[in-house]
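**Q** Hey, dropping protein_25.txt in here, compact mmCIF, C-alpha atoms and all ligand atoms:
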# COMPACT_ATOMS: atom_id res chain seq x y z
CA MET C 1 42.45 303.09 61.79
CA ASN C 2 45.04 301.81 59.33
CA GLN C 3 46.63 298.75 60.96
CA PRO C 4 47.42 295.73 58.81
CA GLY C 5 44.48 293.40 58.49
CA VAL C 6 42.12 294.98 61.00
CA GLY C 7 40.37 297.42 58.70
CA VAL C 8 36.89 296.65 57.37
CA ALA C 9 36.08 296.31 53.68
CA VAL C 10 32.74 295.52 52.03
CA THR C 11 33.76 293.14 49.25
CA GLY C 12 30.54 291.47 48.08
CA THR C 13 26.80 292.04 47.92
CA GLY C 14 23.83 289.82 47.12
CA SER C 15 20.07 289.92 47.43
CA MET C 16 16.94 287.88 46.93
CA VAL C 17 13.24 288.72 46.88
CA PRO C 18 10.30 286.34 46.56
CA ALA C 19 8.94 285.85 43.02
CA THR C 20 5.37 286.86 43.92
CA SER C 21 4.72 290.59 43.51
CA LEU C 22 1.59 292.33 44.77
CA SER C 23 0.79 295.62 43.01
CA ASN C 24 -1.04 298.59 44.50
CA GLU C 25 -4.02 297.63 42.32
CA GLY C 26 -3.95 294.16 43.88
CA ILE C 27 -3.81 295.52 47.41
CA SER C 28 -6.76 297.82 46.57
CA SER C 29 -8.94 294.72 46.34
CA LEU C 30 -7.99 293.78 49.92
CA VAL C 31 -8.46 297.12 51.71
CA GLU C 32 -9.97 300.50 50.88
CA THR C 33 -7.01 302.21 49.23
CA SER C 34 -5.76 303.13 45.76
CA ASP C 35 -2.61 303.11 43.68
CA ASP C 36 -2.81 306.91 43.68
CA TRP C 37 -2.92 307.18 47.51
CA ILE C 38 -0.10 304.71 48.06
CA ALA C 39 2.16 306.05 45.30
CA THR C 40 1.63 309.71 46.26
CA ARG C 41 2.05 309.23 50.00
CA THR C 42 4.88 306.69 49.92
CA GLY C 43 6.33 306.15 46.42
CA ILE C 44 5.55 302.42 46.67
CA ARG C 45 4.02 300.69 43.61
CA ALA C 46 4.48 297.00 44.48
CA ARG C 47 5.95 294.65 47.05
CA CYS C 48 7.26 291.04 46.90
CA LEU C 49 5.64 288.54 49.23
CA ALA C 50 6.98 285.18 50.36
CA LYS C 51 4.95 282.03 49.80
CA PRO C 52 4.23 279.93 52.92
CA GLU C 53 7.05 277.53 52.04
CA GLU C 54 9.54 280.35 51.39
CA THR C 55 11.47 280.79 54.62
CA LEU C 56 13.53 283.67 55.90
CA ALA C 57 16.51 281.30 55.96
CA SER C 58 16.08 280.33 52.30
CA LEU C 59 15.86 283.97 51.13
CA ALA C 60 18.86 284.88 53.28
CA THR C 61 20.88 281.91 52.06
CA GLN C 62 20.31 282.79 48.40
CA ALA C 63 21.38 286.39 49.05
CA CYS C 64 24.50 285.10 50.84
CA ARG C 65 25.50 282.81 47.95
CA LYS C 66 25.49 285.77 45.57
CA ALA C 67 27.48 287.94 47.97
CA LEU C 68 30.07 285.17 48.49
CA ASP C 69 30.36 284.67 44.71
CA MET C 70 31.08 288.37 44.24
CA ALA C 71 33.68 288.33 47.01
CA LYS C 72 35.16 285.08 45.59
CA LEU C 73 34.87 283.41 48.97
CA GLU C 74 33.85 279.85 49.83
CA PRO C 75 31.19 279.26 52.52
CA THR C 76 33.78 277.33 54.53
CA GLU C 77 35.97 280.45 54.72
CA VAL C 78 33.28 282.44 56.59
CA ASP C 79 34.03 283.05 60.29
CA LEU C 80 30.78 284.72 61.35
CA ILE C 81 27.22 284.94 60.02
CA LEU C 82 25.25 287.82 61.50
CA LEU C 83 21.57 287.90 60.58
CA ALA C 84 19.69 291.14 61.23
CA THR C 85 16.00 290.29 61.32
CA SER C 86 12.81 290.85 63.27
CA THR C 87 10.96 287.99 61.60
CA PRO C 88 12.92 284.83 62.39
CA ASP C 89 11.81 281.38 61.26
CA ASP C 90 12.75 280.30 64.77
CA LEU C 91 12.69 282.60 67.79
CA PHE C 92 15.78 280.81 69.07
CA GLY C 93 17.61 282.15 66.03
CA THR C 94 17.62 281.70 62.27
CA ALA C 95 21.28 282.44 61.49
CA GLY C 96 22.14 278.82 62.32
CA LEU C 97 19.72 277.61 59.64
CA VAL C 98 21.46 279.88 57.11
CA GLN C 99 24.83 278.50 58.24
CA ALA C 100 23.57 274.95 57.66
CA GLU C 101 21.98 275.71 54.25
CA LEU C 102 25.16 277.43 53.10
CA GLY C 103 27.46 274.75 54.45
CA ALA C 104 29.45 277.45 56.26
CA THR C 105 30.75 274.87 58.69
CA GLN C 106 33.41 277.06 60.32
CA ALA C 107 31.11 280.02 60.98
CA VAL C 108 29.52 280.96 64.26
CA ALA C 109 26.06 282.35 63.54
CA PHE C 110 23.60 284.47 65.46
CA ASP C 111 20.68 286.85 65.01
CA LEU C 112 20.54 290.54 65.80
CA THR C 113 17.23 292.37 66.25
CA ALA C 114 17.03 296.09 65.57
CA ALA C 115 14.10 296.24 63.12
CA CYS C 116 14.72 298.57 60.19
CA SER C 117 18.01 299.73 61.72
CA GLY C 118 19.22 296.12 61.87
CA PHE C 119 21.55 296.24 58.88
CA VAL C 120 23.39 299.37 60.05
CA PHE C 121 23.57 298.06 63.64
CA GLY C 122 24.84 294.75 62.21
CA LEU C 123 27.47 296.48 60.09
CA VAL C 124 28.89 298.22 63.13
CA THR C 125 28.70 295.04 65.24
CA ALA C 126 30.46 292.96 62.59
CA ALA C 127 33.13 295.63 62.20
CA GLN C 128 34.09 295.26 65.87
CA PHE C 129 35.00 291.59 65.32
CA ILE C 130 37.23 292.55 62.40
CA ARG C 131 38.81 295.54 64.12
CA THR C 132 39.76 293.43 67.13
CA GLY C 133 41.42 290.93 64.80
CA THR C 134 38.97 288.19 65.89
CA TYR C 135 37.42 287.39 62.50
CA GLN C 136 38.49 287.97 58.88
CA ASN C 137 35.44 287.02 56.80
CA ILE C 138 31.91 287.92 57.86
CA LEU C 139 28.53 287.51 56.19
CA LEU C 140 26.13 290.21 57.31
CA ILE C 141 22.51 289.71 56.29
CA GLY C 142 19.50 291.97 56.56
CA ALA C 143 16.36 289.95 55.92
CA ASP C 144 12.71 290.15 56.84
CA VAL C 145 9.42 288.49 55.97
CA LEU C 146 7.14 291.11 57.47
CA SER C 147 4.16 289.81 55.46
CA ARG C 148 3.83 287.19 58.21
CA TRP C 149 3.16 289.89 60.78
CA VAL C 150 1.22 292.51 58.87
CA ASP C 151 -2.49 292.96 59.61
CA TRP C 152 -3.78 292.55 56.04
CA GLY C 153 -7.01 294.31 57.05
CA ASP C 154 -5.21 297.47 58.23
CA ARG C 155 -4.70 299.83 55.28
CA ARG C 156 -2.48 302.13 57.37
CA THR C 157 0.25 299.49 57.51
CA CYS C 158 -0.37 296.67 55.02
CA VAL C 159 0.35 298.83 51.97
CA LEU C 160 3.84 299.64 53.21
CA PHE C 161 5.71 296.40 53.73
CA GLY C 162 7.33 293.71 51.59
CA ASP C 163 9.66 290.73 52.01
CA GLY C 164 13.30 290.32 51.00
CA ALA C 165 16.90 289.64 51.92
CA GLY C 166 20.20 291.37 51.29
CA ALA C 167 23.70 290.30 52.29
CA VAL C 168 27.19 291.74 52.29
CA VAL C 169 30.60 290.17 52.78
CA LEU C 170 32.85 292.10 55.15
CA GLN C 171 36.54 291.28 55.08
CA ALA C 172 39.59 292.22 57.05
CA ASN C 173 41.65 294.66 55.04
CA ASP C 174 44.74 296.83 55.47
CA ARG C 175 42.71 299.99 54.81
CA ASP C 176 39.63 300.51 56.98
CA GLN C 177 36.76 301.44 54.69
CA LEU C 178 34.16 301.88 57.42
CA LEU C 179 34.85 305.55 57.85
CA GLY C 180 32.43 306.55 60.59
CA PHE C 181 29.20 305.60 62.30
CA GLU C 182 26.68 306.63 64.94
CA LEU C 183 23.89 304.54 66.51
CA ARG C 184 20.94 305.58 68.68
CA THR C 185 17.93 304.09 70.51
CA ASP C 186 15.00 305.76 72.28
CA GLY C 187 12.93 303.05 73.95
CA THR C 188 10.50 305.61 75.38
CA GLN C 189 9.04 305.85 71.85
CA ASN C 190 8.66 302.09 71.39
CA LYS C 191 4.87 302.49 71.37
CA TYR C 192 4.91 304.23 67.99
CA LEU C 193 5.94 301.11 66.08
CA ASN C 194 5.87 297.59 67.40
CA LEU C 195 5.25 293.93 66.82
CA ALA C 196 4.65 293.03 70.42
CA TYR C 197 4.08 289.83 72.33
CA HIS C 198 0.68 289.84 74.06
CA PRO C 199 0.59 287.36 76.94
CA GLU C 200 -2.65 285.77 78.14
CA PRO C 201 -2.58 284.52 81.74
CA LYS C 202 -2.44 280.73 81.96
CA GLU C 203 -2.76 279.14 85.35
CA LEU C 204 -0.51 276.10 85.69
CA LEU C 205 -1.26 275.60 89.40
CA PRO C 206 -3.33 277.81 91.73
CA GLU C 207 -0.15 279.56 92.87
CA VAL C 208 1.66 279.49 89.48
CA THR C 209 0.36 281.62 86.62
CA ILE C 210 2.43 282.31 83.52
CA GLY C 211 1.79 284.25 80.33
CA GLN C 212 1.33 282.41 77.02
CA ASN C 213 0.11 283.60 73.68
CA THR C 214 1.64 285.01 70.51
CA PHE C 215 2.80 288.21 68.90
CA HIS C 216 0.20 290.64 67.59
CA PRO C 217 0.51 292.18 64.11
CA ILE C 218 2.46 295.38 63.47
CA THR C 219 0.98 298.59 64.83
CA MET C 220 2.36 301.97 63.85
CA ASN C 221 1.66 305.64 64.42
CA GLY C 222 2.77 306.68 60.94
CA GLN C 223 2.82 310.39 61.56
CA GLU C 224 4.99 310.10 64.67
CA VAL C 225 7.43 307.77 62.93
CA TYR C 226 7.52 310.10 59.94
CA ARG C 227 8.33 313.12 62.12
CA PHE C 228 10.98 311.14 64.01
CA ALA C 229 12.66 310.01 60.79
CA VAL C 230 12.76 313.39 59.10
CA ARG C 231 14.25 314.99 62.23
CA ARG C 232 16.64 312.30 63.48
CA VAL C 233 18.04 310.83 60.26
CA PRO C 234 19.71 314.01 58.91
CA GLU C 235 21.10 314.63 62.40
CA ILE C 236 22.68 311.19 62.71
CA ILE C 237 24.06 311.28 59.18
CA GLU C 238 25.78 314.57 60.00
CA LYS C 239 27.26 312.95 63.14
CA ALA C 240 28.52 309.91 61.21
CA LEU C 241 30.05 312.16 58.54
CA TYR C 242 31.72 314.24 61.25
CA ARG C 243 33.25 311.07 62.70
CA ALA C 244 34.41 310.13 59.21
CA ASN C 245 35.92 313.60 58.83
CA LEU C 246 33.90 314.09 55.66
CA THR C 247 31.50 316.76 54.44
CA VAL C 248 28.14 316.16 52.79
CA ASP C 249 29.47 317.11 49.34
CA GLN C 250 32.01 314.24 49.57
CA VAL C 251 29.17 311.69 49.70
CA ASP C 252 28.59 309.83 46.42
CA TRP C 253 25.46 307.95 47.51
CA LEU C 254 22.80 308.45 50.16
CA LEU C 255 21.43 305.01 50.99
CA LEU C 256 18.47 305.32 53.33
CA HIS C 257 16.19 302.69 54.73
CA GLN C 258 13.50 302.43 52.07
CA ALA C 259 10.38 303.37 54.03
CA ASN C 260 8.87 306.31 52.21
CA GLN C 261 10.06 308.36 49.21
CA ARG C 262 8.87 311.52 50.96
CA ILE C 263 11.18 310.74 53.90
CA MET C 264 14.11 310.16 51.54
CA ASP C 265 13.42 313.41 49.67
CA ALA C 266 13.06 315.38 52.92
CA VAL C 267 16.32 313.96 54.32
CA GLY C 268 18.10 314.73 51.04
CA ASP C 269 16.74 318.30 51.11
CA ARG C 270 17.82 318.88 54.70
CA LEU C 271 21.32 317.63 53.99
CA GLY C 272 21.58 319.34 50.62
CA ILE C 273 22.13 316.01 48.81
CA PRO C 274 20.71 316.10 45.25
CA ALA C 275 18.06 313.57 44.16
CA GLU C 276 20.43 311.83 41.71
CA LYS C 277 22.63 310.74 44.63
CA ILE C 278 19.71 309.21 46.57
CA ILE C 279 19.32 305.47 46.00
CA SER C 280 15.69 304.41 45.76
CA ASN C 281 14.09 301.09 44.89
CA LEU C 282 11.06 301.12 47.18
CA ALA C 283 8.66 301.54 44.26
CA LYS C 284 9.32 297.85 43.47
CA TYR C 285 9.72 296.40 46.95
CA GLY C 286 8.08 298.65 49.57
CA ASN C 287 9.59 298.66 53.04
CA THR C 288 11.53 295.41 53.51
CA SER C 289 12.76 296.37 57.00
CA ALA C 290 16.30 295.09 57.69
CA ALA C 291 16.65 294.00 54.05
CA SER C 292 16.02 297.38 52.48
CA ILE C 293 19.54 298.85 52.68
CA PRO C 294 21.54 295.78 51.52
CA LEU C 295 18.95 295.05 48.82
CA ALA C 296 19.24 298.57 47.39
CA LEU C 297 23.04 298.48 47.77
CA ASP C 298 23.26 295.21 45.85
CA GLU C 299 21.10 296.50 42.99
CA GLU C 300 23.22 299.61 42.52
CA VAL C 301 26.51 297.70 42.78
CA ARG C 302 25.34 295.24 40.13
CA ARG C 303 24.01 298.06 37.95
CA GLY C 304 27.50 299.58 38.08
CA SER C 305 26.43 302.94 39.45
CA ILE C 306 28.37 302.38 42.67
CA GLN C 307 32.03 302.35 41.65
CA PRO C 308 35.15 301.29 43.60
CA GLY C 309 36.13 304.02 46.04
CA HIS C 310 32.69 305.63 46.11
CA THR C 311 31.59 306.92 49.50
CA ILE C 312 28.20 305.73 50.69
CA VAL C 313 26.33 306.97 53.72
CA ALA C 314 23.70 304.46 54.85
CA SER C 315 21.05 305.19 57.45
CA GLY C 316 18.48 302.87 58.98
CA PHE C 317 15.62 303.94 61.23
CA GLY C 318 12.48 302.44 62.69
CA ALA C 319 11.14 300.38 65.55
CA GLY C 320 12.86 300.66 68.89
CA LEU C 321 12.73 303.44 68.13
CA SER C 322 16.21 303.04 66.74
CA TRP C 323 18.31 304.84 64.16
CA GLY C 324 21.84 304.74 62.92
CA ALA C 325 24.17 305.83 60.13
CA ALA C 326 27.38 304.39 58.73
CA VAL C 327 29.77 305.87 56.17
CA PHE C 328 31.78 303.43 54.08
CA ASN C 329 33.63 303.05 50.80
CA TRP C 330 32.70 300.41 48.29
CA ALA C 331 35.84 298.31 48.03
CA ARG C 332 35.77 296.28 44.82
O1 LIG R 1 10.24 301.09 58.66
C1 LIG R 1 9.66 301.76 59.69
C2 LIG R 1 9.60 303.16 59.45
N1 LIG R 1 8.24 303.55 59.10
C3 LIG R 1 8.04 304.67 58.49
O2 LIG R 1 8.97 305.35 58.14
C4 LIG R 1 6.62 305.14 58.28
C5 LIG R 1 6.55 306.63 58.44
N2 LIG R 1 5.24 307.16 58.14
C6 LIG R 1 4.78 307.26 56.88
O3 LIG R 1 5.45 306.89 55.93
C7 LIG R 1 3.45 307.90 56.66
O4 LIG R 1 2.99 308.45 57.89
C8 LIG R 1 2.37 306.91 56.12
C9 LIG R 1 2.68 306.57 54.68
C10 LIG R 1 2.32 305.67 56.97
C11 LIG R 1 0.99 307.60 56.13
O5 LIG R 1 1.02 308.79 55.38
P1 LIG R 1 0.43 310.13 56.02
O6 LIG R 1 0.56 311.17 54.99
O7 LIG R 1 1.12 310.37 57.34
O8 LIG R 1 -1.09 309.75 56.21
P2 LIG R 1 -1.97 309.85 57.53
O9 LIG R 1 -1.62 308.75 58.46
O10 LIG R 1 -1.93 311.26 58.04
O11 LIG R 1 -3.41 309.56 56.98
C12 LIG R 1 -4.06 310.53 56.10
C13 LIG R 1 -5.39 309.95 55.68
C14 LIG R 1 -6.21 309.42 56.84
O12 LIG R 1 -7.57 309.70 56.56
P3 LIG R 1 -8.32 310.92 57.27
O13 LIG R 1 -8.25 310.61 58.75
O14 LIG R 1 -7.53 312.14 56.91
O15 LIG R 1 -9.70 310.87 56.69
C15 LIG R 1 -6.02 307.93 56.79
O16 LIG R 1 -7.11 307.21 57.31
O17 LIG R 1 -5.17 308.83 54.82
C16 LIG R 1 -5.92 307.71 55.30
N3 LIG R 1 -5.19 306.49 54.96
C17 LIG R 1 -5.33 305.89 53.78
N4 LIG R 1 -6.12 306.14 52.72
C18 LIG R 1 -6.02 305.31 51.66
C19 LIG R 1 -4.25 305.85 55.68
N5 LIG R 1 -3.77 304.80 55.00
C20 LIG R 1 -4.45 304.81 53.82
C21 LIG R 1 -4.37 303.97 52.68
N6 LIG R 1 -5.17 304.26 51.63
N7 LIG R 1 -3.54 302.91 52.59
Step by step, read the file and then write its structure as structure tokens.
Ligand code: UT7

**A**
Amino acid sequence: MNQPGVGVAVTGTGSMVPATSLSNEGISSLVETSDDWIATRTGIRARCLAKPEETLASLATQACRKALDMAKLEPTEVDLILLATSTPDDLFGTAGLVQAELGATQAVAFDLTAACSGFVFGLVTAAQFIRTGTYQNILLIGADVLSRWVDWGDRRTCVLFGDGAGAVVLQANDRDQLLGFELRTDGTQNKYLNLAYHPEPKELLPEVTIGQNTFHPITMNGQEVYRFAVRRVPEIIEKALYRANLTVDQVDWLLLHQANQRIMDAVGDRLGIPAEKIISNLAKYGNTSAASIPLALDEEVRRGSIQPGHTIVASGFGAGLSWGAAVFNWAR
């Protein structure tokens, strides 16, 4: 698509993680585990955890400010704020709080929930508003504070997750730099990874009983999710590249959801993408869910390794189960 002003360009990135870092040694004093087990099985060495007063909205807002600065855009010029998260401050939506903190008075703001695929799903969703000519300047955020919902007594899950936020600015552009994408969901496998609401019956009147309670911490069948990721992610990347009319050797950077280094290595192997093209920062942050892709993107852009015109294939996967891939050029 090359019509004037309805192409999509990624023109700014920003990220923010909480200041508190918990090392594998630290986590070994909470549950029976070790730095060696965690590092060997996952590649994770530490994770950042939000303090009680650190909100999802505040992390997201700080990431947005940096992304807007890079794109040289004022908050008041933003048309849409799309917040991909599974850990809202408010179940009615947290994007509005980000809009208020930013002072993005002209922006409509809403949340999108697709767990660790949220950023890629959000990228494609945001692109539709640009391609239809509806909006010109969009802030897309991937942010999660999973520490709120982790069972800190369950060593199978608590060692994996961390908190963080990443944001990108998407702008209308003559040249469309979102080159291809593919999204998938398989709800029949929802049981393998969830953060589910567990209702308790509450009788209001003899003939009126409702359910009221809260969400239970994250449960995951790690082996099933691992198998799913290693099989489905290479497949969907190949589909997205096909739609972009590109071959694997034309990819400059493979940017996967940061869940497990072994998954990233296996996906790279299957696709024939060498290790030096695979972006990885999960040693420092663990799995930050919807934040992991924009956080890693921002670090590499600021480091200067991602250069203007580079082709990036990003792929998110996780709860739903959901998975998706998007191929785009870095515009600046
Ligand atoms: O963002 C969502 C996407 N999520 C993922 O991508 C997660 C995908 N899955 C994984 O990354 C891996 O399955 C894990 C890292 C979660 C687990 O690695 P694994 O190699 O599949 O380990 P396992 O579940 O097969 O467990 C092997 C052993 C078990 O002990 P036994 O039964 O063999 O005696 C576990 O009890 O390791 C034990 N174990 C641990 N030991 C020390 C499990 N967690 C721990 C731990 N420390 N933290």

**Q** List the spatial neighbours of stretch 287-298 of chain C as a PyMOL selection string - criterion: any atom at most 6 Å away, only C-alpha atoms, same-chain residues fewer than 5 positions off excluded.

**A** chain C and resi 13-15+115-116+118-119+142-143+160-167+257-259

**Q** With ligand LIG 1 (chain R) as the partner and 9 Å as the cut-off, tabulate the residues of chain C that qualify, each row holding the nearest pair of atoms and their distance in Å to one decimal, using only C-alpha atoms and all ligand atoms, sorted by chain and rising number, as a tab-separated table.

**A**
residue	atom	partner	partner_atom	distance
C:Ser28	CA	R:LIG1	N6	8.3
C:Val31	CA	R:LIG1	N7	7.6
C:Glu32	CA	R:LIG1	N6	6.1
C:Thr33	CA	R:LIG1	N6	3.7
C:Ser34	CA	R:LIG1	N6	6.0
C:Asp35	CA	R:LIG1	N6	8.4
C:Asp36	CA	R:LIG1	N6	8.7
C:Trp37	CA	R:LIG1	C18	5.5
C:Ile38	CA	R:LIG1	N7	6.0
C:Thr40	CA	R:LIG1	O6	8.9
C:Arg41	CA	R:LIG1	C9	5.4
C:Thr42	CA	R:LIG1	C9	5.2
C:Ala115	CA	R:LIG1	O1	7.6
C:Cys116	CA	R:LIG1	O1	5.4
C:Ser117	CA	R:LIG1	O1	8.5
C:Asp154	CA	R:LIG1	N7	8.0
C:Arg155	CA	R:LIG1	N7	4.3
C:Arg156	CA	R:LIG1	N5	3.8
C:Thr157	CA	R:LIG1	C10	6.5
C:Cys158	CA	R:LIG1	N7	7.4
C:Val159	CA	R:LIG1	N7	5.7
C:Leu160	CA	R:LIG1	C9	7.2
C:Phe161	CA	R:LIG1	O1	8.2
C:Leu193	CA	R:LIG1	C1	7.4
C:Met220	CA	R:LIG1	C4	7.7
C:Asn221	CA	R:LIG1	O4	7.2
C:Gly222	CA	R:LIG1	O4	3.5
C:Gln223	CA	R:LIG1	O4	4.2
C:Glu224	CA	R:LIG1	N2	7.2
C:Val225	CA	R:LIG1	C5	4.7
C:Tyr226	CA	R:LIG1	C5	3.9
C:Arg227	CA	R:LIG1	C5	7.7
C:Phe228	CA	R:LIG1	C5	8.4
C:Ala229	CA	R:LIG1	O2	6.5
C:Val230	CA	R:LIG1	O2	8.9
C:His257	CA	R:LIG1	O1	7.3
C:Gln258	CA	R:LIG1	O1	7.5
C:Ala259	CA	R:LIG1	O2	4.8
C:Asn260	CA	R:LIG1	O3	5.1
C:Gln261	CA	R:LIG1	O3	8.3
C:Arg262	CA	R:LIG1	O3	7.6
C:Ile263	CA	R:LIG1	O3	7.2
C:Asn287	CA	R:LIG1	O1	6.2
C:Thr288	CA	R:LIG1	O1	7.8
C:Ser289	CA	R:LIG1	O1	5.6
C:Ala290	CA	R:LIG1	O1	8.6
C:Gly316	CA	R:LIG1	O1	8.4
C:Phe317	CA	R:LIG1	C2	6.3
C:Gly318	CA	R:LIG1	C1	4.2
C:Ala319	CA	R:LIG1	C1	6.2

**Q** Using only C-alpha atoms, determine which residues lie at most 10 Å from C:Leu73, disregarding the query and same-chain residues fewer than 5 positions distant; provide the list as a VMD selection string.

**A** chain C and resid 11 to 12 65 67 to 68 78 137 169

**Q** Measuring between all atoms listed in the file, which one of C:Asn173, C:Leu22, C:Asn281, C:Tyr197 shows the shortest distance to C:Val10?

**A** C:Asn173

**Q** Tell me which of C:Lys66, C:Arg175, C:Arg231, C:Lys51 sits closest to C:Val6, counting only C-alpha atoms.

**A** C:Arg175

**Q** May I have the residues within 6 Å of stretch 234-244 of chain C as number ranges by chain, using all atoms listed in the file and disregarding those fewer than 5 positions away in the same chain?

**A** C: 179-182, 267, 325

**Q** Residues of the last selection are to be written out with C-alpha atoms, as a CSV table (one decimal), in the frame of the given file.

**A**
chain,number,residue,atom,x,y,z
C,179,LEU,CA,34.8,305.6,57.8
C,180,GLY,CA,32.4,306.6,60.6
C,181,PHE,CA,29.2,305.6,62.3
C,182,GLU,CA,26.7,306.6,64.9
C,267,VAL,CA,16.3,314.0,54.3
C,325,ALA,CA,24.2,305.8,60.1

**Q** Could you name the residues that touch C:Leu102 at 12 Å or less, counting all atoms listed in the file, but leaving out those on the same chain fewer than 6 positions away, as a ChimeraX atom specification?

**A** /C:57-68,74-78,81,95-96,109,139

**Q** Give me, as a PyMOL selection string, all polymer residues having an atom no more than 10 Å from stretch 205-219 of chain C, counting only C-alpha atoms and skipping those fewer than 4 positions away in the same chain.

**A** chain C and resi 146-152+154+156-158+191-201

**Q** Quick check, in Å to one decimal: how far apart do atom CA of C:Leu255 and atom CA of C:Val313 lie?

**A**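 Straight-line distance from atom CA of C:Leu255 to atom CA of C:Val313 works out to 5.9 Å.
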
**Q** Of the residues C:Arg302, C:Glu203, C:Ala283, C:His310, which is the one nearest to C:Gln250, using all atoms listed in the file?

**A**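 The shortest atom-to-atom distance to C:Gln250 comes from C:His310.
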
**Q** Mind giving me the straight-line distance from atom CA of C:Ile130 to atom CA of C:Leu82 in Å, one decimal?

**A**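 Straight-line distance from atom CA of C:Ile130 to atom CA of C:Leu82 works out to 12.9 Å.
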
**Q** Quick check, in Å to one decimal: how far apart do atom CA of C:Trp330 and atom CA of C:Trp253 lie?

**A**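 We find that atom CA of C:Trp330 and atom CA of C:Trp253 lie 10.5 Å from each other.
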
**Q** Please export stretch 235-246 of chain C as a PDB file, in the first residue's frame, restricted to N, CA and C atoms.

**A**
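Produced file part-v9.pdb, reproduced below:
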ATOM      1  N   GLU C 235       6.299 -20.798  12.215  1.00  0.00           N
ATOM      2  CA  GLU C 235       5.244 -20.887  11.200  1.00  0.00           C
ATOM      3  C   GLU C 235       4.645 -19.506  10.894  1.00  0.00           C
ATOM      4  N   ILE C 236       4.308 -18.784  11.955  1.00  0.00           N
ATOM      5  CA  ILE C 236       3.611 -17.506  11.737  1.00  0.00           C
ATOM      6  C   ILE C 236       4.570 -16.437  11.209  1.00  0.00           C
ATOM      7  N   ILE C 237       5.827 -16.544  11.586  1.00  0.00           N
ATOM      8  CA  ILE C 237       6.823 -15.611  11.034  1.00  0.00           C
ATOM      9  C   ILE C 237       6.963 -15.847   9.530  1.00  0.00           C
ATOM     10  N   GLU C 238       6.994 -17.114   9.139  1.00  0.00           N
ATOM     11  CA  GLU C 238       7.091 -17.412   7.701  1.00  0.00           C
ATOM     12  C   GLU C 238       5.880 -16.850   6.952  1.00  0.00           C
ATOM     13  N   LYS C 239       4.685 -16.958   7.581  1.00  0.00           N
ATOM     14  CA  LYS C 239       3.468 -16.418   6.939  1.00  0.00           C
ATOM     15  C   LYS C 239       3.562 -14.905   6.790  1.00  0.00           C
ATOM     16  N   ALA C 240       3.992 -14.231   7.869  1.00  0.00           N
ATOM     17  CA  ALA C 240       4.081 -12.763   7.834  1.00  0.00           C
ATOM     18  C   ALA C 240       5.113 -12.321   6.797  1.00  0.00           C
ATOM     19  N   LEU C 241       6.223 -13.056   6.703  1.00  0.00           N
ATOM     20  CA  LEU C 241       7.250 -12.716   5.703  1.00  0.00           C
ATOM     21  C   LEU C 241       6.718 -12.936   4.287  1.00  0.00           C
ATOM     22  N   TYR C 242       5.940 -13.989   4.122  1.00  0.00           N
ATOM     23  CA  TYR C 242       5.333 -14.269   2.814  1.00  0.00           C
ATOM     24  C   TYR C 242       4.425 -13.100   2.409  1.00  0.00           C
ATOM     25  N   ARG C 243       3.622 -12.631   3.378  1.00  0.00           N
ATOM     26  CA  ARG C 243       2.727 -11.496   3.092  1.00  0.00           C
ATOM     27  C   ARG C 243       3.514 -10.231   2.770  1.00  0.00           C
ATOM     28  N   ALA C 244       4.705 -10.135   3.377  1.00  0.00           N
ATOM     29  CA  ALA C 244       5.553  -8.960   3.124  1.00  0.00           C
ATOM     30  C   ALA C 244       6.381  -9.123   1.847  1.00  0.00           C
ATOM     31  N   ASN C 245       6.239 -10.313   1.231  1.00  0.00           N
ATOM     32  CA  ASN C 245       7.015 -10.612   0.034  1.00  0.00           C
ATOM     33  C   ASN C 245       8.522 -10.542   0.317  1.00  0.00           C
ATOM     34  N   LEU C 246       8.899 -11.049   1.465  1.00  0.00           N
ATOM     35  CA  LEU C 246      10.306 -11.047   1.864  1.00  0.00           C
ATOM     36  C   LEU C 246      10.746 -12.466   2.207  1.00  0.00           C
TER      37      LEU C 246
END
